[in-house]
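Dropping query-v2.cif in here (mmCIF, C-alpha atoms and all ligand atoms):
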data_query
loop_
_atom_site.group_PDB
_atom_site.id
_atom_site.type_symbol
_atom_site.label_atom_id
_atom_site.label_comp_id
_atom_site.auth_asym_id
_atom_site.auth_seq_id
_atom_site.Cartn_x
_atom_site.Cartn_y
_atom_site.Cartn_z
ATOM 1 C CA MET A 1288 -30.640 -12.988 -115.143
ATOM 2 C CA LYS A 1289 -31.383 -12.707 -118.900
ATOM 3 C CA HIS A 1290 -29.143 -9.818 -119.928
ATOM 4 C CA LEU A 1291 -26.415 -7.687 -118.385
ATOM 5 C CA ILE A 1292 -27.347 -4.129 -119.202
ATOM 6 C CA SER A 1293 -27.118 -2.363 -115.840
ATOM 7 C CA ILE A 1294 -25.784 -3.449 -112.439
ATOM 8 C CA ASN A 1295 -28.956 -2.007 -110.986
ATOM 9 C CA GLY A 1296 -30.840 -4.834 -112.698
ATOM 10 C CA LEU A 1297 -28.884 -7.453 -110.708
ATOM 11 C CA THR A 1298 -29.704 -8.767 -107.250
ATOM 12 C CA LEU A 1299 -26.993 -9.071 -104.626
ATOM 13 C CA ASP A 1300 -27.187 -12.869 -105.027
ATOM 14 C CA GLU A 1301 -26.584 -12.549 -108.780
ATOM 15 C CA ILE A 1302 -23.563 -10.288 -108.201
ATOM 16 C CA GLU A 1303 -22.170 -12.791 -105.689
ATOM 17 C CA GLU A 1304 -22.762 -15.634 -108.161
ATOM 18 C CA ILE A 1305 -20.786 -13.752 -110.838
ATOM 19 C CA LEU A 1306 -17.910 -13.008 -108.446
ATOM 20 C CA LYS A 1307 -17.757 -16.607 -107.182
ATOM 21 C CA LEU A 1308 -17.720 -18.067 -110.684
ATOM 22 C CA SER A 1309 -15.083 -15.483 -111.740
ATOM 23 C CA GLU A 1310 -12.856 -16.701 -108.902
ATOM 24 C CA LYS A 1311 -13.301 -20.333 -109.960
ATOM 25 C CA LEU A 1312 -12.709 -19.700 -113.661
ATOM 26 C CA LYS A 1313 -9.642 -17.572 -112.905
ATOM 27 C CA ARG A 1314 -8.174 -20.301 -110.701
ATOM 28 C CA GLN A 1315 -8.880 -23.004 -113.275
ATOM 29 C CA GLN A 1316 -7.373 -20.952 -116.081
ATOM 30 C CA LYS A 1317 -4.175 -20.362 -114.046
ATOM 31 C CA GLU A 1318 -3.980 -24.109 -113.336
ATOM 32 C CA GLY A 1319 -4.453 -24.951 -117.004
ATOM 33 C CA ILE A 1320 -7.819 -26.655 -116.405
ATOM 34 C CA GLN A 1321 -10.055 -26.388 -119.493
ATOM 35 C CA HIS A 1322 -13.614 -25.217 -119.020
ATOM 36 C CA HIS A 1323 -15.466 -25.410 -122.317
ATOM 37 C CA ILE A 1324 -18.779 -24.328 -120.820
ATOM 38 C CA LEU A 1325 -19.875 -22.594 -124.047
ATOM 39 C CA LYS A 1326 -18.681 -25.189 -126.567
ATOM 40 C CA GLY A 1327 -20.371 -24.605 -129.921
ATOM 41 C CA LYS A 1328 -21.830 -21.217 -128.934
ATOM 42 C CA THR A 1329 -21.151 -17.935 -130.726
ATOM 43 C CA LEU A 1330 -20.946 -14.413 -129.297
ATOM 44 C CA GLY A 1331 -21.426 -11.448 -131.651
ATOM 45 C CA MET A 1332 -19.488 -8.381 -130.499
ATOM 46 C CA ILE A 1333 -20.796 -5.078 -131.917
ATOM 47 C CA PHE A 1334 -18.501 -2.072 -131.545
ATOM 48 C CA THR A 1335 -19.383 1.479 -132.564
ATOM 49 C CA LYS A 1336 -16.572 2.844 -130.340
ATOM 50 C CA SER A 1337 -12.892 1.877 -129.968
ATOM 51 C CA SER A 1338 -11.684 -0.699 -127.465
ATOM 52 C CA THR A 1339 -8.600 -2.591 -126.379
ATOM 53 C CA ARG A 1340 -9.596 -4.364 -123.144
ATOM 54 C CA THR A 1341 -13.255 -5.058 -123.885
ATOM 55 C CA ARG A 1342 -12.617 -6.474 -127.325
ATOM 56 C CA VAL A 1343 -9.642 -8.630 -126.394
ATOM 57 C CA SER A 1344 -10.993 -9.859 -123.047
ATOM 58 C CA PHE A 1345 -14.366 -10.894 -124.523
ATOM 59 C CA GLU A 1346 -12.755 -12.440 -127.576
ATOM 60 C CA VAL A 1347 -10.143 -14.454 -125.662
ATOM 61 C CA GLY A 1348 -12.634 -15.233 -122.883
ATOM 62 C CA MET A 1349 -15.114 -16.720 -125.355
ATOM 63 C CA TYR A 1350 -12.324 -18.792 -126.925
ATOM 64 C CA GLN A 1351 -11.307 -20.089 -123.474
ATOM 65 C CA LEU A 1352 -14.936 -21.117 -122.851
ATOM 66 C CA GLY A 1353 -14.840 -23.222 -126.024
ATOM 67 C CA GLY A 1354 -17.038 -20.815 -127.994
ATOM 68 C CA TYR A 1355 -16.544 -18.556 -130.995
ATOM 69 C CA PRO A 1356 -16.330 -14.745 -130.786
ATOM 70 C CA LEU A 1357 -17.379 -12.737 -133.825
ATOM 71 C CA PHE A 1358 -16.105 -9.131 -134.054
ATOM 72 C CA LEU A 1359 -18.692 -6.886 -135.708
ATOM 73 C CA SER A 1360 -17.389 -3.364 -136.276
ATOM 74 C CA ALA A 1361 -20.186 -0.862 -136.921
ATOM 75 C CA ASN A 1362 -18.081 0.368 -139.858
ATOM 76 C CA ASP A 1363 -18.557 -2.989 -141.531
ATOM 77 C CA ILE A 1364 -22.085 -4.082 -140.617
ATOM 78 C CA GLN A 1365 -25.280 -2.503 -141.981
ATOM 79 C CA LEU A 1366 -26.135 -1.014 -138.555
ATOM 80 C CA GLY A 1367 -23.492 1.632 -139.332
ATOM 81 C CA ARG A 1368 -25.375 2.503 -142.568
ATOM 82 C CA GLY A 1369 -28.733 2.945 -140.878
ATOM 83 C CA GLU A 1370 -30.225 -0.557 -140.577
ATOM 84 C CA THR A 1371 -32.505 -0.516 -137.530
ATOM 85 C CA ILE A 1372 -31.707 -2.007 -134.140
ATOM 86 C CA TYR A 1373 -34.965 -3.970 -134.489
ATOM 87 C CA ASP A 1374 -33.902 -5.720 -137.703
ATOM 88 C CA THR A 1375 -30.340 -6.202 -136.452
ATOM 89 C CA ALA A 1376 -31.596 -7.811 -133.233
ATOM 90 C CA GLN A 1377 -33.990 -10.116 -135.109
ATOM 91 C CA VAL A 1378 -31.420 -11.217 -137.672
ATOM 92 C CA LEU A 1379 -28.492 -11.720 -135.299
ATOM 93 C CA SER A 1380 -30.718 -13.761 -132.962
ATOM 94 C CA ARG A 1381 -31.168 -16.279 -135.814
ATOM 95 C CA TYR A 1382 -27.402 -16.871 -136.043
ATOM 96 C CA ILE A 1383 -25.743 -16.370 -132.686
ATOM 97 C CA ASP A 1384 -26.211 -17.207 -128.992
ATOM 98 C CA GLY A 1385 -25.361 -13.872 -127.374
ATOM 99 C CA ILE A 1386 -24.545 -10.258 -128.219
ATOM 100 C CA MET A 1387 -22.045 -7.937 -126.582
ATOM 101 C CA ILE A 1388 -22.400 -4.320 -127.656
ATOM 102 C CA ARG A 1389 -20.335 -1.182 -127.043
ATOM 103 C CA THR A 1390 -22.040 1.949 -128.288
ATOM 104 C CA PHE A 1391 -23.141 5.524 -127.577
ATOM 105 C CA LYS A 1392 -26.871 5.461 -126.775
ATOM 106 C CA HIS A 1393 -27.859 3.344 -123.787
ATOM 107 C CA SER A 1394 -31.354 2.939 -125.237
ATOM 108 C CA ASP A 1395 -29.858 1.107 -128.258
ATOM 109 C CA VAL A 1396 -28.642 -1.648 -125.917
ATOM 110 C CA GLU A 1397 -32.039 -1.857 -124.242
ATOM 111 C CA GLU A 1398 -33.731 -2.082 -127.659
ATOM 112 C CA LEU A 1399 -31.388 -4.815 -128.804
ATOM 113 C CA ALA A 1400 -32.362 -6.835 -125.722
ATOM 114 C CA LYS A 1401 -36.040 -6.080 -126.225
ATOM 115 C CA TYR A 1402 -36.221 -7.098 -129.882
ATOM 116 C CA GLY A 1403 -33.700 -9.938 -129.959
ATOM 117 C CA SER A 1404 -34.127 -13.362 -128.394
ATOM 118 C CA VAL A 1405 -30.552 -13.887 -127.123
ATOM 119 C CA PRO A 1406 -28.755 -12.469 -124.047
ATOM 120 C CA VAL A 1407 -27.321 -8.968 -124.474
ATOM 121 C CA ILE A 1408 -24.254 -7.735 -122.583
ATOM 122 C CA ASN A 1409 -23.508 -4.021 -122.255
ATOM 123 C CA GLY A 1410 -19.844 -3.454 -123.121
ATOM 124 C CA LEU A 1411 -20.135 0.317 -122.380
ATOM 125 C CA THR A 1412 -22.574 3.048 -123.306
ATOM 126 C CA ASP A 1413 -22.470 6.799 -122.684
ATOM 127 C CA LEU A 1414 -24.409 6.055 -119.493
ATOM 128 C CA MET A 1415 -22.915 2.886 -117.977
ATOM 129 C CA HIS A 1416 -20.022 0.392 -117.984
ATOM 130 C CA PRO A 1417 -21.308 -2.548 -115.909
ATOM 131 C CA CYS A 1418 -18.735 -5.220 -116.939
ATOM 132 C CA GLN A 1419 -15.940 -2.871 -115.885
ATOM 133 C CA ILE A 1420 -17.409 -2.303 -112.468
ATOM 134 C CA LEU A 1421 -18.073 -6.006 -111.817
ATOM 135 C CA ALA A 1422 -14.383 -6.601 -112.611
ATOM 136 C CA ASP A 1423 -13.455 -3.737 -110.267
ATOM 137 C CA LEU A 1424 -15.500 -5.233 -107.420
ATOM 138 C CA PHE A 1425 -13.834 -8.595 -108.031
ATOM 139 C CA THR A 1426 -10.394 -6.918 -107.950
ATOM 140 C CA VAL A 1427 -11.159 -5.148 -104.673
ATOM 141 C CA TYR A 1428 -12.491 -8.404 -103.186
ATOM 142 C CA GLU A 1429 -9.302 -10.254 -104.198
ATOM 143 C CA HIS A 1430 -7.111 -7.662 -102.508
ATOM 144 C CA LYS A 1431 -9.164 -6.729 -99.466
ATOM 145 C CA GLY A 1432 -11.001 -10.023 -98.808
ATOM 146 C CA THR A 1433 -14.317 -8.203 -98.435
ATOM 147 C CA LEU A 1434 -16.471 -5.526 -100.048
ATOM 148 C CA LYS A 1435 -19.102 -4.652 -97.469
ATOM 149 C CA GLY A 1436 -18.013 -1.847 -95.170
ATOM 150 C CA LEU A 1437 -15.236 -0.527 -97.419
ATOM 151 C CA LYS A 1438 -15.250 3.003 -98.838
ATOM 152 C CA LEU A 1439 -14.532 3.838 -102.490
ATOM 153 C CA ALA A 1440 -13.762 7.412 -103.554
ATOM 154 C CA TYR A 1441 -14.245 8.314 -107.218
ATOM 155 C CA VAL A 1442 -12.654 11.626 -108.189
ATOM 156 C CA GLY A 1443 -13.301 13.294 -111.558
ATOM 157 C CA ASP A 1444 -15.938 13.163 -114.279
ATOM 158 C CA GLY A 1445 -19.384 11.826 -113.299
ATOM 159 C CA ASN A 1446 -19.351 9.616 -116.406
ATOM 160 C CA ASN A 1447 -20.421 6.079 -117.385
ATOM 161 C CA VAL A 1448 -17.808 4.488 -115.105
ATOM 162 C CA ALA A 1449 -18.819 6.663 -112.140
ATOM 163 C CA ASN A 1450 -22.502 5.870 -112.757
ATOM 164 C CA SER A 1451 -21.909 2.111 -112.704
ATOM 165 C CA LEU A 1452 -19.675 2.456 -109.636
ATOM 166 C CA LEU A 1453 -22.600 4.115 -107.856
ATOM 167 C CA HIS A 1454 -24.822 1.150 -108.751
ATOM 168 C CA GLY A 1455 -22.197 -1.477 -107.893
ATOM 169 C CA CYS A 1456 -20.931 -0.099 -104.587
ATOM 170 C CA ALA A 1457 -24.433 0.618 -103.298
ATOM 171 C CA LYS A 1458 -25.592 -2.923 -104.156
ATOM 172 C CA VAL A 1459 -22.711 -4.689 -102.373
ATOM 173 C CA GLY A 1460 -22.716 -2.435 -99.311
ATOM 174 C CA MET A 1461 -19.620 -0.341 -100.019
ATOM 175 C CA ASP A 1462 -19.718 3.342 -99.178
ATOM 176 C CA ILE A 1463 -19.095 5.466 -102.253
ATOM 177 C CA ALA A 1464 -18.114 9.131 -102.425
ATOM 178 C CA VAL A 1465 -18.074 10.833 -105.828
ATOM 179 C CA ALA A 1466 -16.255 14.156 -106.142
ATOM 180 C CA ALA A 1467 -17.130 15.882 -109.424
ATOM 181 C CA PRO A 1468 -17.227 19.543 -110.456
ATOM 182 C CA LYS A 1469 -20.553 21.339 -110.949
ATOM 183 C CA GLY A 1470 -22.099 20.431 -114.267
ATOM 184 C CA TYR A 1471 -20.256 17.091 -114.448
ATOM 185 C CA GLU A 1472 -22.140 15.163 -111.764
ATOM 186 C CA CYS A 1473 -23.407 11.612 -112.167
ATOM 187 C CA ASP A 1474 -26.758 10.862 -113.778
ATOM 188 C CA LYS A 1475 -29.667 11.930 -111.542
ATOM 189 C CA THR A 1476 -31.736 8.765 -112.025
ATOM 190 C CA ILE A 1477 -28.715 6.599 -111.249
ATOM 191 C CA ILE A 1478 -27.977 8.617 -108.091
ATOM 192 C CA ALA A 1479 -31.550 7.983 -106.929
ATOM 193 C CA GLU A 1480 -31.268 4.248 -107.741
ATOM 194 C CA ALA A 1481 -27.962 4.013 -105.885
ATOM 195 C CA LYS A 1482 -29.395 5.759 -102.819
ATOM 196 C CA GLU A 1483 -32.268 3.279 -102.840
ATOM 197 C CA ALA A 1484 -29.880 0.308 -103.104
ATOM 198 C CA ALA A 1485 -27.646 1.786 -100.391
ATOM 199 C CA LYS A 1486 -30.606 1.896 -98.036
ATOM 200 C CA ALA A 1487 -31.095 -1.833 -98.514
ATOM 201 C CA SER A 1488 -27.388 -2.709 -98.148
ATOM 202 C CA GLY A 1489 -26.671 -0.259 -95.321
ATOM 203 C CA SER A 1490 -24.049 1.754 -97.192
ATOM 204 C CA GLN A 1491 -23.645 5.457 -97.887
ATOM 205 C CA VAL A 1492 -23.712 7.480 -101.118
ATOM 206 C CA ILE A 1493 -21.831 10.761 -100.762
ATOM 207 C CA LEU A 1494 -21.823 13.381 -103.529
ATOM 208 C CA THR A 1495 -19.505 16.352 -103.268
ATOM 209 C CA GLU A 1496 -17.468 18.845 -105.271
ATOM 210 C CA ASP A 1497 -14.520 18.430 -102.891
ATOM 211 C CA PRO A 1498 -11.967 15.700 -103.772
ATOM 212 C CA VAL A 1499 -10.385 15.869 -100.290
ATOM 213 C CA GLU A 1500 -13.725 15.240 -98.605
ATOM 214 C CA ALA A 1501 -14.382 12.266 -100.904
ATOM 215 C CA ILE A 1502 -10.998 10.683 -100.397
ATOM 216 C CA ARG A 1503 -10.939 10.862 -96.579
ATOM 217 C CA ASN A 1504 -11.003 7.307 -95.077
ATOM 218 C CA ALA A 1505 -11.171 5.753 -98.560
ATOM 219 C CA ASP A 1506 -10.001 2.156 -99.025
ATOM 220 C CA VAL A 1507 -10.197 2.426 -102.812
ATOM 221 C CA VAL A 1508 -9.415 5.501 -104.910
ATOM 222 C CA TYR A 1509 -10.710 5.517 -108.489
ATOM 223 C CA THR A 1510 -10.494 7.919 -111.392
ATOM 224 C CA ASP A 1511 -11.134 7.857 -115.148
ATOM 225 C CA THR A 1512 -10.299 9.984 -118.164
ATOM 226 C CA TRP A 1513 -11.635 13.537 -118.250
ATOM 227 C CA VAL A 1514 -12.500 13.137 -121.949
ATOM 228 C CA SER A 1515 -14.638 10.096 -122.708
ATOM 229 C CA MET A 1516 -15.207 8.698 -126.171
ATOM 230 C CA GLY A 1517 -17.425 11.100 -128.098
ATOM 231 C CA GLN A 1518 -16.361 14.190 -126.064
ATOM 232 C CA GLU A 1519 -13.193 14.991 -128.002
ATOM 233 C CA ALA A 1520 -14.490 18.437 -129.078
ATOM 234 C CA GLU A 1521 -14.759 19.505 -125.395
ATOM 235 C CA LYS A 1522 -11.189 18.454 -124.562
ATOM 236 C CA GLU A 1523 -9.643 21.883 -123.865
ATOM 237 C CA GLN A 1524 -12.523 23.021 -121.665
ATOM 238 C CA ARG A 1525 -12.632 19.750 -119.756
ATOM 239 C CA ILE A 1526 -8.921 19.764 -118.967
ATOM 240 C CA LYS A 1527 -9.277 23.246 -117.419
ATOM 241 C CA THR A 1528 -12.355 22.276 -115.389
ATOM 242 C CA PHE A 1529 -10.959 18.998 -114.076
ATOM 243 C CA LEU A 1530 -7.419 20.100 -113.146
ATOM 244 C CA PRO A 1531 -8.294 20.442 -109.415
ATOM 245 C CA TYR A 1532 -9.548 16.834 -109.550
ATOM 246 C CA GLN A 1533 -6.228 15.265 -110.511
ATOM 247 C CA VAL A 1534 -5.385 12.201 -108.394
ATOM 248 C CA ASN A 1535 -1.766 12.996 -107.524
ATOM 249 C CA GLY A 1536 0.460 11.834 -104.685
ATOM 250 C CA GLU A 1537 -0.683 14.601 -102.388
ATOM 251 C CA LEU A 1538 -4.384 13.835 -102.809
ATOM 252 C CA PHE A 1539 -3.856 10.055 -102.690
ATOM 253 C CA SER A 1540 -1.946 10.397 -99.369
ATOM 254 C CA LYS A 1541 -5.167 11.639 -97.744
ATOM 255 C CA ALA A 1542 -6.841 8.232 -98.298
ATOM 256 C CA ASN A 1543 -6.294 5.333 -95.895
ATOM 257 C CA GLU A 1544 -2.672 4.236 -95.690
ATOM 258 C CA ASP A 1545 -3.438 0.870 -97.318
ATOM 259 C CA ALA A 1546 -5.779 2.312 -99.968
ATOM 260 C CA VAL A 1547 -5.566 0.809 -103.440
ATOM 261 C CA PHE A 1548 -5.794 2.718 -106.712
ATOM 262 C CA LEU A 1549 -8.041 1.693 -109.612
ATOM 263 C CA HIS A 1550 -8.509 3.091 -113.128
ATOM 264 C CA CYS A 1551 -10.551 1.382 -115.848
ATOM 265 C CA LEU A 1552 -7.955 2.437 -118.478
ATOM 266 C CA PRO A 1553 -7.055 3.858 -120.924
ATOM 267 C CA ALA A 1554 -5.288 6.369 -118.632
ATOM 268 C CA TYR A 1555 -3.794 9.747 -119.465
ATOM 269 C CA ARG A 1556 -0.847 10.246 -117.117
ATOM 270 C CA GLY A 1557 -0.359 13.853 -116.062
ATOM 271 C CA TYR A 1558 -4.059 14.610 -116.455
ATOM 272 C CA GLU A 1559 -6.541 12.647 -114.299
ATOM 273 C CA VAL A 1560 -3.723 10.809 -112.490
ATOM 274 C CA THR A 1561 0.003 11.265 -111.991
ATOM 275 C CA GLU A 1562 2.667 8.583 -112.542
ATOM 276 C CA ASP A 1563 3.584 8.245 -108.871
ATOM 277 C CA VAL A 1564 0.033 7.050 -108.127
ATOM 278 C CA ILE A 1565 -0.898 4.981 -111.198
ATOM 279 C CA ASP A 1566 2.523 3.328 -111.446
ATOM 280 C CA GLY A 1567 3.047 3.214 -107.674
ATOM 281 C CA PRO A 1568 2.901 0.190 -105.338
ATOM 282 C CA GLN A 1569 -0.755 0.679 -104.404
ATOM 283 C CA SER A 1570 -2.031 0.652 -107.978
ATOM 284 C CA LEU A 1571 -3.928 -2.453 -109.121
ATOM 285 C CA ILE A 1572 -4.609 -1.326 -112.690
ATOM 286 C CA PHE A 1573 -3.239 -4.390 -114.487
ATOM 287 C CA ASP A 1574 -4.922 -6.910 -112.161
ATOM 288 C CA GLU A 1575 -8.061 -4.889 -112.778
ATOM 289 C CA ALA A 1576 -7.629 -5.094 -116.563
ATOM 290 C CA GLU A 1577 -6.904 -8.845 -116.383
ATOM 291 C CA ASN A 1578 -9.994 -9.417 -114.271
ATOM 292 C CA ARG A 1579 -12.204 -8.037 -117.031
ATOM 293 C CA MET A 1580 -11.658 -11.347 -118.795
ATOM 294 C CA HIS A 1581 -12.360 -13.620 -115.815
ATOM 295 C CA VAL A 1582 -15.489 -11.727 -114.791
ATOM 296 C CA GLN A 1583 -16.865 -11.517 -118.347
ATOM 297 C CA LYS A 1584 -16.288 -15.253 -118.779
ATOM 298 C CA ALA A 1585 -18.448 -15.779 -115.690
ATOM 299 C CA ILE A 1586 -21.118 -13.423 -117.089
ATOM 300 C CA MET A 1587 -21.151 -15.205 -120.462
ATOM 301 C CA ALA A 1588 -21.182 -18.650 -118.831
ATOM 302 C CA ILE A 1589 -24.201 -17.702 -116.703
ATOM 303 C CA LEU A 1590 -26.165 -15.897 -119.437
ATOM 304 C CA MET A 1591 -25.416 -18.091 -122.429
ATOM 305 C CA ASN A 1592 -25.641 -21.501 -120.810
ATOM 306 C CA GLN A 1593 -29.344 -21.410 -120.001
HETATM 307 N N1 LIG B 1 -11.723 -0.203 -119.708
HETATM 308 C C1 LIG B 1 -12.156 -0.434 -120.954
HETATM 309 O O1 LIG B 1 -13.339 -0.699 -121.212
HETATM 310 O O2 LIG B 1 -11.171 -0.388 -121.889
HETATM 311 P P1 LIG B 1 -11.340 -0.441 -123.482
HETATM 312 O O3 LIG B 1 -11.949 0.861 -123.917
HETATM 313 O O4 LIG B 1 -9.936 -0.627 -124.005
HETATM 314 O O5 LIG B 1 -12.230 -1.597 -123.827
HETATM 315 N N1 LIG B 2 -15.280 6.888 -119.608
HETATM 316 C C1 LIG B 2 -14.488 6.264 -120.631
HETATM 317 C C2 LIG B 2 -14.260 4.820 -120.329
HETATM 318 C C3 LIG B 2 -13.413 4.067 -121.317
HETATM 319 C C4 LIG B 2 -13.269 2.636 -120.997
HETATM 320 C C5 LIG B 2 -15.160 6.449 -121.993
HETATM 321 O O1 LIG B 2 -16.384 6.297 -122.070
HETATM 322 O O2 LIG B 2 -14.472 6.745 -122.959
#
What do you get writing this file as structure tokens?
Amino acid sequence: MKHLISINGLTLDEIEEILKLSEKLKRQQKEGIQHHILKGKTLGMIFTKSSTRTRVSFEVGMYQLGGYPLFLSANDIQLGRGETIYDTAQVLSRYIDGIMIRTFKHSDVEELAKYGSVPVINGLTDLMHPCQILADLFTVYEHKGTLKGLKLAYVGDGNNVANSLLHGCAKVGMDIAVAAPKGYECDKTIIAEAKEAAKASGSQVILTEDPVEAIRNADVVYTDTWVSMGQEAEKEQRIKTFLPYQVNGELFSKANEDAVFLHCLPAYRGYEVTEDVIDGPQSLIFDEAENRMHVQKAIMAILMNQ
């Protein structure tokens, strides 16, 4: 494991290693046991999009590992004024020990990894959100005690989060059903990769336009915003298209009785999800947000300690 760009690039063993170390680091942090695994190391964090969870969880996580996090807003660094990814990767590699990047084009993250000499972590692109989904798998494991054999239903936009869920669930042997309207399906290449991984793990990938079909027998129900970062101009149209995909009490009641609800956040109550579900007893959203930090600490510890 040299970088974390896509969950599809990880083996099942590597995913299990991340989840195991996340569990250990979380326990130690709760018990007040210091773990300065990355003492003296620096993580550069490039953001060309907004963030609350990703920024704070990486920054605090790096501090807890004894290292130094450096926030690099694209508004302030030369990348935002047209300096190339190639030069940025070369220069940053001379100063720092790892790069986390949140940006639009997925290929920019791949280029950064190709031209730099330090580990690169994908903190979200238009195509994927792997750190989020590793934290989601960890959250489900904590609450259900297993992953293999469970079913996750994702209802809504076939976006970056849905794409990485396809990769993640298929790898660990969870069935995944994605219900998205026509024209808003997941990425075709990622669907093919997930189907391939599902063959190996013995799970199912179900793609449908029908939220009720997706949610039947689901152990985990997941949704995300209908308007991702960069899609603000399409807001009105998207709200109309996605209205039948709202995760409300009625739809949620068709999942298994002990189903849990996940949302990567930020959430827009009254749109993709209603208050009774997201603020109800089966919602794990704040454990899920907290786990971003524990899981990313494990990722950084593994990648940056080699
Ligand atoms: N879930 C997530 O990545 O949140 P932020 O956009 O706040 O980082
Ligand atoms: N799909 C959302 C996720 C935010 C964490 C977006 O890309 O804006």
Check the smallest atom-to-atom distance from each of A:Leu1549, A:Val1378, A:Leu1590, A:Val1560 to ligand LIG 1 (chain B) using all atoms listed in the file, then report the winner.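 Of A:Leu1549, A:Val1378, A:Leu1590, A:Val1560, the one nearest ligand LIG 1 (chain B), counting all atoms listed in the file, is A:Leu1549.
Shortest atom-to-atom contact with ligand LIG 1 (chain B) among A:Asn1592, A:Thr1476, A:Ser1515, A:Thr1495: A:Ser1515, counting only C-alpha atoms and all ligand atoms.
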Can you check which parts of chain A lie within 7 Å of ligand LIG 1 (chain B)? Per residue, the shortest pair of atoms and distance in Å to one decimal, counting only C-alpha atoms and all ligand atoms, sorted by chain and number, as a Markdown table.
| residue | atom | partner | partner_atom | distance |
| --- | --- | --- | --- | --- |
| A:Ser1337 | CA | B:LIG1 | O3 | 6.2 |
| A:Ser1338 | CA | B:LIG1 | O5 | 3.8 |
| A:Thr1339 | CA | B:LIG1 | O4 | 3.4 |
| A:Arg1340 | CA | B:LIG1 | O4 | 3.8 |
| A:Thr1341 | CA | B:LIG1 | O5 | 3.6 |
| A:Arg1342 | CA | B:LIG1 | O5 | 6.0 |
| A:Leu1411 | CA | B:LIG1 | O1 | 7.0 |
| A:Gln1419 | CA | B:LIG1 | N1 | 6.3 |
| A:Cys1551 | CA | B:LIG1 | N1 | 4.3 |
| A:Leu1552 | CA | B:LIG1 | N1 | 4.8 |
| A:Pro1553 | CA | B:LIG1 | O2 | 6.0 |
Keeping only C-alpha atoms, write those residues as a compact mmCIF listing (two decimals), in the frame of the given file.
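Output (selection-v8.txt):
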# COMPACT_ATOMS: atom_id res chain seq x y z
CA SER A 1337 -12.89 1.88 -129.97
CA SER A 1338 -11.68 -0.70 -127.46
CA THR A 1339 -8.60 -2.59 -126.38
CA ARG A 1340 -9.60 -4.36 -123.14
CA THR A 1341 -13.26 -5.06 -123.88
CA ARG A 1342 -12.62 -6.47 -127.32
CA LEU A 1411 -20.14 0.32 -122.38
CA GLN A 1419 -15.94 -2.87 -115.88
CA CYS A 1551 -10.55 1.38 -115.85
CA LEU A 1552 -7.96 2.44 -118.48
CA PRO A 1553 -7.06 3.86 -120.92
My list of candidates is A:Pro1356, A:Gly1403, A:Gly1470, A:Pro1417. Which is closest to ligand LIG 2 (chain B) when distances are computed with all atoms listed in the file?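 Using all atoms listed in the file, the shortest distance to ligand LIG 2 (chain B) belongs to A:Pro1417.
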Long-range neighbours of region 1435-1438 of chain A as a count of residues only, 6 Å cut-off, all atoms listed in the file, 3 positions minimum in chain: 6
Evaluating the PyMOL selection byres (((chain A and resi 1511) around 7) and not hetatm) on the displayed file yields which residues, as a PyMOL selection string? chain A and resi 1443+1510+1512-1513+1550-1551+1554+1559
Please save C-alpha atoms of the selected residues as a PDB file, in the frame of the given file.
ATOM      1  CA  GLY A1443     -13.301  13.294-111.558  1.00  0.00           C
ATOM      2  CA  THR A1510     -10.494   7.919-111.392  1.00  0.00           C
ATOM      3  CA  THR A1512     -10.299   9.984-118.164  1.00  0.00           C
ATOM      4  CA  TRP A1513     -11.635  13.537-118.250  1.00  0.00           C
ATOM      5  CA  HIS A1550      -8.509   3.091-113.128  1.00  0.00           C
ATOM      6  CA  CYS A1551     -10.551   1.382-115.848  1.00  0.00           C
ATOM      7  CA  ALA A1554      -5.288   6.369-118.632  1.00  0.00           C
ATOM      8  CA  GLU A1559      -6.541  12.647-114.299  1.00  0.00           C
TER       9      GLU A1559
END
Do you know which residues are at most 8 Å from Gly1455 (chain A) counting only C-alpha atoms, after dropping those on the same chain fewer than 5 positions away, and could you put them as a list in words?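 Close residues of Gly1455 (chain A): Ile1294, Asn1295, Ile1420, Leu1421 and Leu1424 of chain A.
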